[in-house]
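What follows is coords.cif (mmCIF, C-alpha atoms and all ligand atoms).
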```cif
data_structure
loop_
_atom_site.label_atom_id
_atom_site.label_comp_id
_atom_site.auth_asym_id
_atom_site.auth_seq_id
_atom_site.Cartn_x
_atom_site.Cartn_y
_atom_site.Cartn_z
CA MET A 100 11.59 23.17 -21.82
CA ARG A 101 9.45 20.80 -19.76
CA THR A 102 5.69 20.99 -20.27
CA ARG A 103 3.85 21.51 -17.03
CA LEU A 104 1.86 18.57 -15.70
CA ILE A 105 -1.11 18.79 -13.36
CA VAL A 106 -2.34 15.48 -11.93
CA GLY A 107 -5.52 15.02 -9.92
CA ASN A 108 -5.27 12.08 -7.51
CA TRP A 109 -8.81 11.29 -6.49
CA LYS A 110 -7.72 8.62 -4.01
CA MET A 111 -10.70 6.54 -2.77
CA ASN A 112 -13.32 9.08 -3.78
CA LYS A 113 -16.21 9.09 -6.27
CA THR A 114 -18.24 6.20 -7.62
CA ALA A 115 -18.04 5.38 -11.33
CA SER A 116 -21.12 7.48 -12.09
CA GLU A 117 -20.05 10.42 -9.89
CA ALA A 118 -16.66 10.35 -11.60
CA ALA A 119 -18.19 10.42 -15.09
CA THR A 120 -20.35 13.42 -14.17
CA PHE A 121 -17.34 15.16 -12.65
CA VAL A 122 -15.11 14.89 -15.73
CA ASP A 123 -17.94 15.97 -17.96
CA GLU A 124 -18.34 19.15 -15.87
CA LEU A 125 -14.58 19.66 -15.69
CA ARG A 126 -14.29 19.42 -19.45
CA GLN A 127 -16.97 22.06 -19.88
CA HIS A 128 -15.16 24.33 -17.43
CA LEU A 129 -11.94 23.82 -19.36
CA SER A 130 -13.23 24.28 -22.89
CA LYS A 131 -10.40 26.78 -23.45
CA VAL A 132 -7.64 24.65 -21.94
CA PRO A 133 -4.27 26.06 -22.95
CA SER A 134 -1.75 23.97 -24.81
CA ASP A 135 1.04 24.62 -22.28
CA VAL A 136 -0.26 22.33 -19.52
CA GLU A 137 -0.72 18.57 -19.59
CA LEU A 138 -3.61 17.35 -17.52
CA VAL A 139 -4.18 13.94 -15.92
CA VAL A 140 -6.98 12.62 -13.72
CA ALA A 141 -6.42 9.50 -11.64
CA PRO A 142 -9.77 8.11 -10.50
CA PRO A 143 -10.17 4.88 -8.50
CA PHE A 144 -9.89 1.67 -10.58
CA THR A 145 -13.67 1.25 -10.57
CA ALA A 146 -14.18 4.60 -12.31
CA LEU A 147 -11.47 4.32 -14.97
CA GLU A 148 -13.81 2.91 -17.57
CA SER A 149 -16.63 5.43 -17.07
CA VAL A 150 -14.18 8.36 -17.00
CA GLY A 151 -12.37 7.03 -20.08
CA ARG A 152 -15.66 6.71 -21.92
CA VAL A 153 -16.64 10.31 -21.16
CA LEU A 154 -13.21 11.64 -22.13
CA GLY A 155 -12.72 9.63 -25.33
CA SER A 156 -9.31 8.79 -26.72
CA GLU A 157 -8.54 12.26 -28.10
CA SER A 158 -9.25 14.22 -24.94
CA PHE A 159 -6.79 16.78 -23.62
CA ILE A 160 -7.51 15.25 -20.20
CA GLN A 161 -5.49 12.05 -19.89
CA LEU A 162 -6.33 9.04 -17.77
CA GLY A 163 -4.10 7.83 -14.95
CA ALA A 164 -4.30 5.07 -12.34
CA GLN A 165 -3.32 5.24 -8.67
CA ASN A 166 -1.46 1.95 -8.47
CA LEU A 167 -0.80 -1.34 -10.28
CA PHE A 168 0.55 -4.80 -9.54
CA TRP A 169 3.74 -5.87 -11.31
CA GLU A 170 2.61 -9.22 -12.73
CA PRO A 171 0.67 -9.03 -16.01
CA LYS A 172 -1.95 -11.61 -14.92
CA GLY A 173 -2.48 -14.61 -12.68
CA ALA A 174 -3.57 -15.68 -9.20
CA TYR A 175 -3.22 -12.33 -7.41
CA THR A 176 -6.61 -11.77 -5.82
CA GLY A 177 -7.61 -8.13 -5.68
CA GLU A 178 -4.79 -6.83 -7.86
CA ILE A 179 -4.85 -4.90 -11.15
CA SER A 180 -2.14 -5.24 -13.81
CA ALA A 181 -0.50 -2.85 -16.25
CA PRO A 182 -2.10 -4.49 -19.33
CA MET A 183 -5.53 -4.10 -17.70
CA LEU A 184 -4.88 -0.39 -17.19
CA LYS A 185 -3.46 0.02 -20.65
CA ASP A 186 -6.57 -1.56 -22.12
CA LEU A 187 -8.71 1.07 -20.37
CA GLY A 188 -6.65 3.87 -21.89
CA CYS A 189 -4.46 4.69 -18.88
CA ARG A 190 -1.36 6.57 -19.90
CA HIS A 191 0.00 7.33 -16.43
CA VAL A 192 0.19 5.55 -13.08
CA ILE A 193 0.97 6.96 -9.64
CA LEU A 194 3.42 4.68 -7.81
CA GLY A 195 4.87 4.72 -4.32
CA HIS A 196 2.39 7.22 -2.90
CA SER A 197 3.07 7.72 0.81
CA GLU A 198 -0.38 6.36 1.66
CA ARG A 199 0.61 3.11 -0.05
CA ARG A 200 3.96 3.14 1.70
CA THR A 201 2.57 3.76 5.19
CA LEU A 202 -0.82 2.00 5.04
CA PHE A 203 0.05 -0.91 2.75
CA GLY A 204 3.74 -1.47 3.48
CA GLU A 205 5.09 -0.67 0.02
CA ARG A 206 8.85 -0.45 0.02
CA GLY A 207 11.68 0.04 -2.41
CA ASP A 208 11.78 -3.27 -4.20
CA ARG A 209 8.01 -3.55 -4.59
CA ILE A 210 7.90 -0.05 -6.01
CA ARG A 211 10.80 -0.84 -8.35
CA LYS A 212 8.93 -3.88 -9.71
CA LYS A 213 5.83 -1.77 -10.25
CA LEU A 214 7.88 0.83 -12.10
CA GLN A 215 9.32 -1.92 -14.25
CA ALA A 216 5.82 -3.16 -15.15
CA ALA A 217 4.69 0.38 -16.00
CA PHE A 218 7.74 1.01 -18.21
CA ALA A 219 7.34 -2.39 -19.91
CA HIS A 220 3.73 -1.66 -20.87
CA GLY A 221 4.19 1.94 -21.95
CA ILE A 222 2.42 3.51 -18.97
CA ARG A 223 4.22 6.59 -17.67
CA PRO A 224 4.95 6.23 -13.94
CA ILE A 225 4.69 9.10 -11.48
CA LEU A 226 7.01 8.06 -8.66
CA CYS A 227 6.12 9.67 -5.32
CA ILE A 228 8.81 10.30 -2.75
CA GLY A 229 8.99 12.43 0.36
CA GLU A 230 10.15 12.72 3.92
CA SER A 231 8.24 12.56 7.21
CA LEU A 232 8.18 15.52 9.59
CA GLU A 233 10.56 13.67 11.89
CA GLN A 234 13.03 13.17 9.06
CA ARG A 235 12.78 16.81 8.03
CA GLU A 236 13.33 18.01 11.58
CA ALA A 237 16.33 15.69 11.89
CA GLY A 238 17.83 17.34 8.80
CA SER A 239 17.75 14.14 6.73
CA THR A 240 15.36 15.20 3.94
CA ASP A 241 18.02 15.06 1.21
CA ASP A 242 19.23 11.62 2.32
CA VAL A 243 15.68 10.26 2.44
CA LEU A 244 14.91 11.54 -1.06
CA ALA A 245 18.17 10.15 -2.44
CA GLN A 246 17.57 6.77 -0.84
CA GLN A 247 14.00 6.52 -2.11
CA LEU A 248 15.17 7.37 -5.62
CA HIS A 249 18.07 4.95 -5.51
CA GLU A 250 16.06 1.99 -4.27
CA SER A 251 13.23 2.55 -6.78
CA LEU A 252 15.30 3.40 -9.84
CA ALA A 253 18.17 0.93 -9.41
CA GLY A 254 18.96 -0.96 -12.58
CA PHE A 255 16.90 1.04 -15.09
CA SER A 256 18.64 2.38 -18.16
CA SER A 257 18.57 6.08 -18.98
CA GLU A 258 16.42 5.29 -22.00
CA THR A 259 13.83 3.56 -19.84
CA LEU A 260 13.77 6.47 -17.41
CA GLU A 261 12.79 8.89 -20.16
CA SER A 262 9.10 8.39 -19.36
CA LEU A 263 9.53 8.87 -15.60
CA THR A 264 7.88 11.67 -13.65
CA VAL A 265 8.82 12.24 -10.00
CA ALA A 266 6.44 13.77 -7.45
CA TYR A 267 7.98 15.33 -4.36
CA GLU A 268 5.37 14.86 -1.66
CA PRO A 269 6.47 15.61 1.89
CA ILE A 270 4.37 13.31 4.08
CA TRP A 271 3.68 16.07 6.60
CA ALA A 272 2.09 18.19 3.85
CA ILE A 273 -0.31 15.57 2.45
CA GLY A 274 -3.90 16.24 3.41
CA THR A 275 -2.86 18.45 6.33
CA GLY A 276 -3.49 21.91 4.91
CA ARG A 277 0.19 22.64 5.59
CA SER A 278 1.94 22.88 2.24
CA ALA A 279 5.70 23.06 1.88
CA THR A 280 6.88 26.60 1.24
CA THR A 281 8.01 27.36 -2.27
CA GLU A 282 11.60 27.52 -0.98
CA GLN A 283 11.31 24.07 0.64
CA ALA A 284 9.82 22.60 -2.53
CA VAL A 285 12.50 24.19 -4.74
CA ALA A 286 15.30 22.88 -2.50
CA ALA A 287 13.87 19.35 -2.57
CA HIS A 288 13.40 19.48 -6.35
CA GLN A 289 17.01 20.58 -6.76
CA THR A 290 18.13 17.63 -4.66
CA ILE A 291 16.00 15.23 -6.72
CA ARG A 292 17.38 16.62 -9.98
CA ALA A 293 20.94 16.27 -8.70
CA VAL A 294 20.34 12.63 -7.71
CA LEU A 295 18.77 11.90 -11.10
CA SER A 296 21.74 13.49 -12.80
CA ALA A 297 24.20 11.32 -10.87
CA THR A 298 22.26 8.05 -11.05
CA ALA A 299 20.66 8.26 -14.52
CA SER A 300 22.23 11.05 -16.57
CA PRO A 301 22.30 14.84 -16.76
CA VAL A 302 20.02 14.63 -19.79
CA ILE A 303 17.42 12.60 -17.89
CA ALA A 304 17.68 14.97 -14.93
CA GLU A 305 17.03 17.90 -17.24
CA ARG A 306 14.09 16.23 -18.97
CA THR A 307 12.31 14.66 -16.01
CA ARG A 308 9.30 16.50 -14.72
CA ILE A 309 9.27 16.92 -10.96
CA LEU A 310 5.87 17.72 -9.48
CA TYR A 311 5.12 19.06 -6.04
CA GLY A 312 2.32 17.46 -4.00
CA GLY A 313 0.93 18.13 -0.52
CA SER A 314 -1.92 20.54 0.30
CA VAL A 315 -1.79 22.32 -3.05
CA THR A 316 -4.66 24.80 -3.30
CA THR A 317 -5.88 27.65 -5.47
CA GLN A 318 -4.05 29.92 -2.99
CA ASN A 319 -0.54 28.45 -3.18
CA ILE A 320 -0.29 26.96 -6.68
CA ALA A 321 0.96 30.16 -8.33
CA SER A 322 3.77 30.57 -5.83
CA LEU A 323 4.80 26.90 -6.05
CA LEU A 324 4.91 27.09 -9.83
CA SER A 325 6.82 30.36 -9.85
CA SER A 326 10.07 28.43 -9.86
CA GLU A 327 11.25 26.68 -12.99
CA GLN A 328 12.25 23.79 -10.71
CA VAL A 329 8.59 22.91 -10.12
CA ASP A 330 7.11 21.34 -13.24
CA GLY A 331 3.59 20.87 -12.00
CA ALA A 332 1.57 19.48 -9.15
CA LEU A 333 0.01 16.30 -7.82
CA ILE A 334 -3.22 17.33 -6.19
CA GLY A 335 -5.46 15.46 -3.76
CA GLY A 336 -8.18 17.33 -1.87
CA ALA A 337 -8.32 20.36 -4.16
CA CYS A 338 -8.98 18.25 -7.26
CA LEU A 339 -12.23 16.82 -5.92
CA GLU A 340 -14.24 19.97 -6.68
CA VAL A 341 -14.60 21.06 -10.29
CA SER A 342 -14.20 24.75 -9.53
CA SER A 343 -11.01 24.50 -7.46
CA PHE A 344 -9.40 21.99 -9.82
CA ALA A 345 -10.27 24.14 -12.84
CA THR A 346 -8.86 27.24 -11.11
CA ILE A 347 -5.61 25.43 -10.32
CA ILE A 348 -5.31 24.32 -13.94
CA SER A 349 -5.84 27.79 -15.30
CA LEU A 350 -3.36 29.28 -12.81
CA ALA A 351 -0.84 26.64 -13.87
CA SER A 352 -1.17 27.75 -17.46
CA THR A 353 -0.70 31.43 -16.80
CA THR A 354 1.94 31.42 -14.05
CA ARG A 355 5.21 32.60 -15.50
CA SER A 356 8.52 31.25 -14.36
CA ILE A 357 10.70 33.77 -12.60
CA GLY A 358 13.64 31.39 -12.85
CA VAL A 359 14.32 30.63 -9.18
P1 LIG B 1 -3.46 16.63 -0.85
O1 LIG B 1 -2.94 15.21 -1.41
O2 LIG B 1 -3.43 17.59 -2.01
O3 LIG B 1 -4.86 16.36 -0.37
O4 LIG B 1 -2.53 17.04 0.24
C1 LIG B 1 -1.86 15.15 -2.29
C2 LIG B 1 -1.51 13.73 -2.60
O5 LIG B 1 -1.66 12.87 -1.70
O6 LIG B 1 -1.08 13.40 -3.70
#
```

Go ahead and express the file in the form of structure tokens.
Ligand code: PGA
Amino acid sequence: MRTRLIVGNWKMNKTASEAATFVDELRQHLSKVPSDVELVVAPPFTALESVGRVLGSESFIQLGAQNLFWEPKGAYTGEISAPMLKDLGCRHVILGHSERRTLFGERGDRIRKKLQAAFAHGIRPILCIGESLEQREAGSTDDVLAQQLHESLAGFSSETLESLTVAYEPIWAIGTGRSATTEQAVAAHQTIRAVLSATASPVIAERTRILYGGSVTTQNIASLLSSEQVDGALIGGACLEVSSFATIISLASTTRSIGV
């Protein structure tokens, strides 16, 4: 049984002090957080320290980063390494987000190296994959997902992949208010699990959490999580307000699987 995972991706929002206030309020809202949902917030790099300080090391809210660079240190102006994140208490890192792919030219091999750095330093990567609207309309969603998984995961042992999380994020659904339907998400998750089974192992495929991301709201979270294929959500816009994020978290903890 995979524990549900809800991740808030703050993107380039909130200063360090705004972020600290936000998690403090969120924690108060969630004083009765259930044990059946894991919770991660991924603030910008500049707010990791202030958020980590408010949360403390024992918090049920875990700290995640939105990116890293694969080298541990050196002359890489503007970059942040896995050991730097680890030192701040980061336990997760989002990699290969479509905004990084489209705006910053991240491709397969770069993402693979970043995954390698995360695995090597004990930070759990959340690998984002997803198709464009054009690719979906051309009927190539499954091929795109398989290719993105293959190029990012090539060469990793099954043991290494044990700490992997995958986020299915159709590009056309991110920040658009147009979420995938539950059926579309379930179909994509089934494809991803089948590719993981063939390329890593059936055990890894069974264990790996696959999140859905793309215009998740308080309105659609229950439906998306109604399938046992969907192990949680990666949330952008709706995680920036305490009340909507807290509602999503509580819905995630009470939504029962109907075994689609
Ligand atoms: P959104 O973003 O929830 O605002 O669509 C999701 C994401 O980019 O991870």

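Minimum atom-to-atom distance to A:Thr240, evaluated using only C-alpha atoms, belongs to A:Ala284 out of A:Leu263, A:Ala217, A:Ala284, A:Ile160.
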
Show me which residues line ligand LIG 1 (chain B), defined as having an atom within 7 Å of a ligand atom where all atoms listed in the file count, and present them as a PyMOL selection string. chain A and resi 108+268+272-276+312-315+333-337

With stretch 192-216 of chain A as the partner and 9 Å as the cut-off, tabulate the residues of stretch 245-334 of chain A that qualify, each row holding the nearest pair of atoms and their distance in Å to one decimal, using only C-alpha atoms, sorted by chain and rising number, as a Markdown table.
```
| residue | atom | partner | partner_atom | distance |
| --- | --- | --- | --- | --- |
| A:Gln247 | CA | A:Gly207 | CA | 6.9 |
| A:Leu248 | CA | A:Gly207 | CA | 8.7 |
| A:His249 | CA | A:Gly207 | CA | 8.6 |
| A:Glu250 | CA | A:Gly207 | CA | 5.1 |
| A:Ser251 | CA | A:Arg211 | CA | 4.5 |
| A:Leu252 | CA | A:Arg211 | CA | 6.4 |
| A:Ala253 | CA | A:Arg211 | CA | 7.7 |
| A:Phe255 | CA | A:Gln215 | CA | 8.2 |
| A:Leu263 | CA | A:Leu214 | CA | 8.9 |
| A:Ala266 | CA | A:His196 | CA | 8.9 |
| A:Glu268 | CA | A:Ser197 | CA | 7.9 |
| A:Pro269 | CA | A:Ser197 | CA | 8.7 |
| A:Ile270 | CA | A:Ser197 | CA | 6.6 |
| A:Ile273 | CA | A:Ser197 | CA | 8.7 |
```

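Atom to atom, atom CA of A:Cys338 and atom CA of A:Gly107 stand 5.4 Å apart.
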
Would you mind listing what lies within 9 Å of stretch 174-191 of chain A as an MDAnalysis selection string, with only C-alpha atoms counted and same-chain residues fewer than 2 positions away left out? chainID A and resid 139 141 144 147:148 151 156 161:172 193 213 216:217 219:225

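Minimum atom-to-atom distances from A:Val150, A:Glu327, A:Ile347, A:Ala279 to A:Leu232 were compared using all atoms listed in the file, and the lowest value belongs to A:Ala279.
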
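From atom CA of A:Thr280 back to atom CA of A:Glu340, the distance works out to 23.5 Å.
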
Rounded to one decimal, what separation in Å do you get between atom CA of A:Ala304 and atom CA of A:Gln318? 29.0 Å

Rank A:Gly254, A:Arg292, A:Asp135, A:Ser342 by their smallest atom-to-atom distance to A:Arg103, using only C-alpha atoms, and report the top residue only. A:Asp135

Could you give me, as a VMD selection string, the residues within 7 Å of A:Arg308, counting only C-alpha atoms and dropping anything in the same chain fewer than 5 positions from it? chain A and resid 101 264 to 265 330

Please provide as a ChimeraX atom specification all residues within 12 Å of A:Gln328, with the sequence filter that same-chain residues fewer than 4 positions apart are discarded (counting all atoms listed in the file). /A:100-103,267,281-293,304-311,322-324,332,356-359

Using only C-alpha atoms and a cutoff of 12 Å, can you tell me which residues are near (-10.8, 29.1, -22.6) in the file's coordinates, and write them out as a VMD selection string? chain A and resid 126 to 134 345 to 346 348 to 349 352 to 353
